[in-house]
Each structure stands twice: as C-alpha cells, then as structure tokens.
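Read the structure below first, then the notes.
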Amino acid sequence: MSFWPAQFKNNPYHLAFCGLLLIHLCLILTTFRDYGITSDETHHIRYGADIVNWYTSSFQDRALFHTKNTYLYGGFFDTAAYLFSQIVPLDRYDANHLFNALFGLLGIIAAYRIGTHLSSPALGFFCALALVLTPRYYGHAFNNPKDIPFAVCYLWSLYYILRYLNAWLNPSRNTLIKLGLVLGCTLGMRIGGVLLIFYFVLFLAFQYRQKKQAITLKQIASHLGITLLITYSVMLIFWPYAQTHPLSGPITALLKFSSFAEPHISFFQGQYVQSTDLPRFYAPDWLMVILPEFVLLGLLTGLALFIFKRQIQQPALIPILFAGLFPILYAVIMRTPLYDGLRHLLFTLPPLVIFATTSIYNALLTYPRSRQPG
C-alpha cells in the first residue's frame, strides 16, 4: 500500500507529517508498556490464537466457537496481533499493546491521506495532527483491540470510497481492489462495517442521479460487484463463524450487536445507569465531553460555512461528515444501548476530527479573501 503520492515527498508539509509520524512512533515505543490490561483483551488474545489453531488443525480445533460471543466478531486484528506476538520478544500483553498502537498509527496516515485528497499536504498534516491530539483516539490506541483497529479500517475504507467517487467514471482496478481489501478487513473485525457498504451504495446512487448521463447502471453494478466480491472473500478468511455460516452468520452477528441486549452499568451524569435505560442523548453528551475544544469549534465552523455560504467547498466533505454523524444519529433515534462511554462509537471520531479540521482550514483560507476590497 502506497501511503502517499511521490509528488508530495519534497513538500514541506509532507516532511512535517513524516516528522509527526516519527515523534508519534517514538512515543509509542517508549510508553507502550505503561498501559494496563482492559477487560476485552484476554478474550481477544485467546481468539487470535484459536483462529490460528482453527487453520493449523485443518478446521478440527473448534475451541473458538465455545466462547461467550467473541466468535461473532471477525478475527482480522486478533489473528494479526497473535502472529506479531510470536515474533517479538515481549510479554503477550505488551506485544498486543505495541501492535495495537502501531495499528493506530495507520489511522494517522489515513487522516493525512484524506486531507491530502481533499486539498493538499498542508491540510493532510493538520488532519493527522488533530487526530494525534484527540485524547480518546490516542489513549485507546494502546490497549483497545476492538474499537481502534475497527476505527482505523473504517477510516481507510472511507478514504478509498472517496478515491472511487472522485474517479467513478473510470476507476482504476487498483482502487477497486484496495477498496475491497480494506472493506473486507473492516468487516473481518466487526459486522458493523456493513455501514460502509451502505454509504458506498448511497453515495453512488446520489452521484448517479446527478450525472447519470455519464455512466450506465451496468458499469456501476460491475464496479460494485467486484468490490463486494473481494470484500466478502477477505471477510471470510478472518471469520471462522462466517465460514461455517456464510449467509446466516453475518446476519446473526448484526442482529446481536445491534441490540446490545446484555445490560451493563454505566456511570453517567453523576449516577449509575443500566445501558438499557440510558437517556436518548447519551452519545451526544459524551461527544461534548471527550472531543477537544478545537474539534467542537471546527464542527460549528463547518456548519456555519454550510449555512451561510450555502455550499460546501469540497463535496467530498459530505461523505466524511455523514460517516461521522450517521451512526451517532442512529444511536440517538433508535436509543441503541451503549456503555463504556462512547467506546462503541469510537470509529466516528476520526471522520468528525477530519471534518472539523478541514472546516477550520477552509475558514482561514476564505477569511483573508473576504477581507479584500472589491
């Protein structure tokens, strides 16, 4: 995977981004041992080993199916983390924390690529910096094997969706393959990645309605079919339960994790509340608490630019904002039971951070021109 186009390699903002990556990497290497063990880690560490045993035993070792619900998750990250732990001379949990943080670093690269795609390496650098400076993303990157890996793949999937939409009349085979691969990895961790397929189809439909004279439905169906075939194949590789239940397995997992029927106790607004009894605006309240002030300012700035300018300067911002807000709005409307703060919706933070950063960047570029006479 090429992380940046060759023409940007001598750009000062690209060099600044490389410096940011180096600093972040140094912080990872010097602090990854300082993080504690979270409640989910033990289950996912075991799951990664069980998946490897599933393959090495020629599908005879079925221990992975005898867990509470871990088998309903795809094992892409857990399997990769297990293999990583076998080649580094570290305690199993330390190895997992290091791998988790390095995987989180890929999300910083995705933020840079999206910003560069939207405008320039300058915006890419600021998007990456903003994500590094988002505490909820930075901290969880060290010991959250569920939500940070999913957030990273969610962001890379969004990037390749944007790439496809930008060249949708004649997308390269490379773009279709990479989109299918990252979508497959996302679904290969959590069935909630199906949201990205919904976004993809929705944005395709919207773009076709605007420019339907330029492309046929047969061409769109061909692109979509190739992408989904790759996606499904990659998902199956890392998800044994889906291998044994190719159609019903993903549906069962989706229904299970859409309801979070098992009650959990959360501390919210000064009192202990069951996850099934949380107020409708639990998620927005948590957003106000955990998002840095500059992100909140950027979200308000983006909204103001849209209302008063009557346009969004970059149409690609609409999918980014949608990818950040839709899951939160769905949780509000459907009163989805949540717990552990905003952990289940952590994947929405990177798109919101990128939208906010881009809005501030656009406002700063627009303001000097608006001050010029005439």
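In the structure tokens, each chain is lettered A, B, ... as it comes, each chain's residues begin at 1, and ligands are numbered from 1 in order of appearance.
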Enumerate, as a PyMOL selection string, the complete set of residues in region 83-164 of chain A that a backbone-based DSSP assignment places in helix (DSSP H, G or I).
chain A and resi 83-85+92-118+121-132+135-140+147-164
Keeping only C-alpha atoms, write those residues as a compact mmCIF listing (two decimals), in the first residue's frame.
# COMPACT_ATOMS: atom_id res chain seq x y z
CA LEU A 83 1.22 -13.63 14.81
CA PHE A 84 3.03 -10.40 15.76
CA SER A 85 3.38 -11.62 19.35
CA ARG A 92 1.86 -11.30 25.33
CA TYR A 93 0.01 -8.24 26.63
CA ASP A 94 2.91 -5.88 25.94
CA ALA A 95 3.14 -7.27 22.42
CA ASN A 96 -0.56 -6.68 21.95
CA HIS A 97 -0.30 -3.10 23.22
CA LEU A 98 2.59 -2.37 20.88
CA PHE A 99 0.80 -3.87 17.90
CA ASN A 100 -2.42 -2.04 18.83
CA ALA A 101 -0.58 1.30 18.95
CA LEU A 102 1.24 0.65 15.67
CA PHE A 103 -2.09 -0.21 14.07
CA GLY A 104 -3.47 3.07 15.44
CA LEU A 105 -0.61 4.82 13.66
CA LEU A 106 -2.13 3.64 10.38
CA GLY A 107 -5.19 5.73 11.24
CA ILE A 108 -2.98 8.83 11.44
CA ILE A 109 -1.68 8.02 7.97
CA ALA A 110 -5.27 7.59 6.72
CA ALA A 111 -6.17 11.03 8.11
CA TYR A 112 -3.21 12.51 6.24
CA ARG A 113 -4.23 10.80 3.02
CA ILE A 114 -7.81 12.04 3.29
CA GLY A 115 -6.71 15.61 3.98
CA THR A 116 -4.28 15.48 1.07
CA HIS A 117 -7.02 14.07 -1.16
CA LEU A 118 -9.38 16.87 -0.14
CA PRO A 121 -0.40 18.02 2.10
CA ALA A 122 -0.94 21.07 4.33
CA LEU A 123 -4.49 20.02 5.15
CA GLY A 124 -3.33 16.40 5.38
CA PHE A 125 -0.75 17.35 8.00
CA PHE A 126 -3.27 19.28 10.08
CA CYS A 127 -5.81 16.42 9.91
CA ALA A 128 -3.15 13.96 11.10
CA LEU A 129 -2.02 16.31 13.86
CA ALA A 130 -5.60 16.87 15.01
CA LEU A 131 -6.19 13.12 15.29
CA VAL A 132 -2.97 12.65 17.27
CA PRO A 135 -7.06 12.07 23.58
CA ARG A 136 -9.76 9.42 23.16
CA TYR A 137 -8.11 8.14 19.97
CA TYR A 138 -4.54 8.41 21.24
CA GLY A 139 -5.15 6.65 24.56
CA HIS A 140 -7.37 3.86 23.27
CA ASP A 147 -12.53 -0.24 18.62
CA ILE A 148 -9.25 1.33 17.46
CA PRO A 149 -8.50 -1.32 14.79
CA PHE A 150 -12.08 -1.00 13.55
CA ALA A 151 -11.80 2.81 13.53
CA VAL A 152 -8.57 2.60 11.51
CA CYS A 153 -10.04 0.31 8.86
CA TYR A 154 -13.25 2.38 8.82
CA LEU A 155 -11.17 5.46 8.01
CA TRP A 156 -9.13 3.73 5.30
CA SER A 157 -12.36 2.40 3.77
CA LEU A 158 -13.75 5.92 3.73
CA TYR A 159 -10.58 7.13 2.01
CA TYR A 160 -10.89 4.59 -0.80
CA ILE A 161 -14.61 5.31 -1.16
CA LEU A 162 -13.65 8.97 -1.70
CA ARG A 163 -10.99 7.89 -4.18
CA TYR A 164 -13.55 5.83 -6.07
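The list of residues with at least one atom within 8 Å of region 63-69 of chain A, based on only C-alpha atoms and without residues fewer than 2 positions apart in the same chain, reads Tyr47, Asp50, Ile51, Trp54, Asp61, Tyr71, Leu72, Tyr73 and Tyr241 of chain A.
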Please provide as a PyMOL selection string all residues within 12 Å of Leu176 (chain A), with the sequence filter that same-chain residues fewer than 2 positions apart are discarded (counting only C-alpha atoms).
chain A and resi 157+160-165+167-168+170-174+178-183+220+222-231
Excluding Asn11 (chain A) and any residue of its chain fewer than 4 positions from it, enumerate the residues within 10 Å of it, using only C-alpha atoms, and give them as a list in words.
Gln7, Leu15, Ala16, Phe17, Ser120, Pro121 and Ala122 of chain A
So, counting only C-alpha atoms, which residue among A:Leu21, A:Leu278, A:Leu236, A:Val201 is closest to Arg335 (chain A)?
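Of A:Leu21, A:Leu278, A:Leu236, A:Val201, the one nearest Arg335 (chain A) is A:Leu278, counting only C-alpha atoms.
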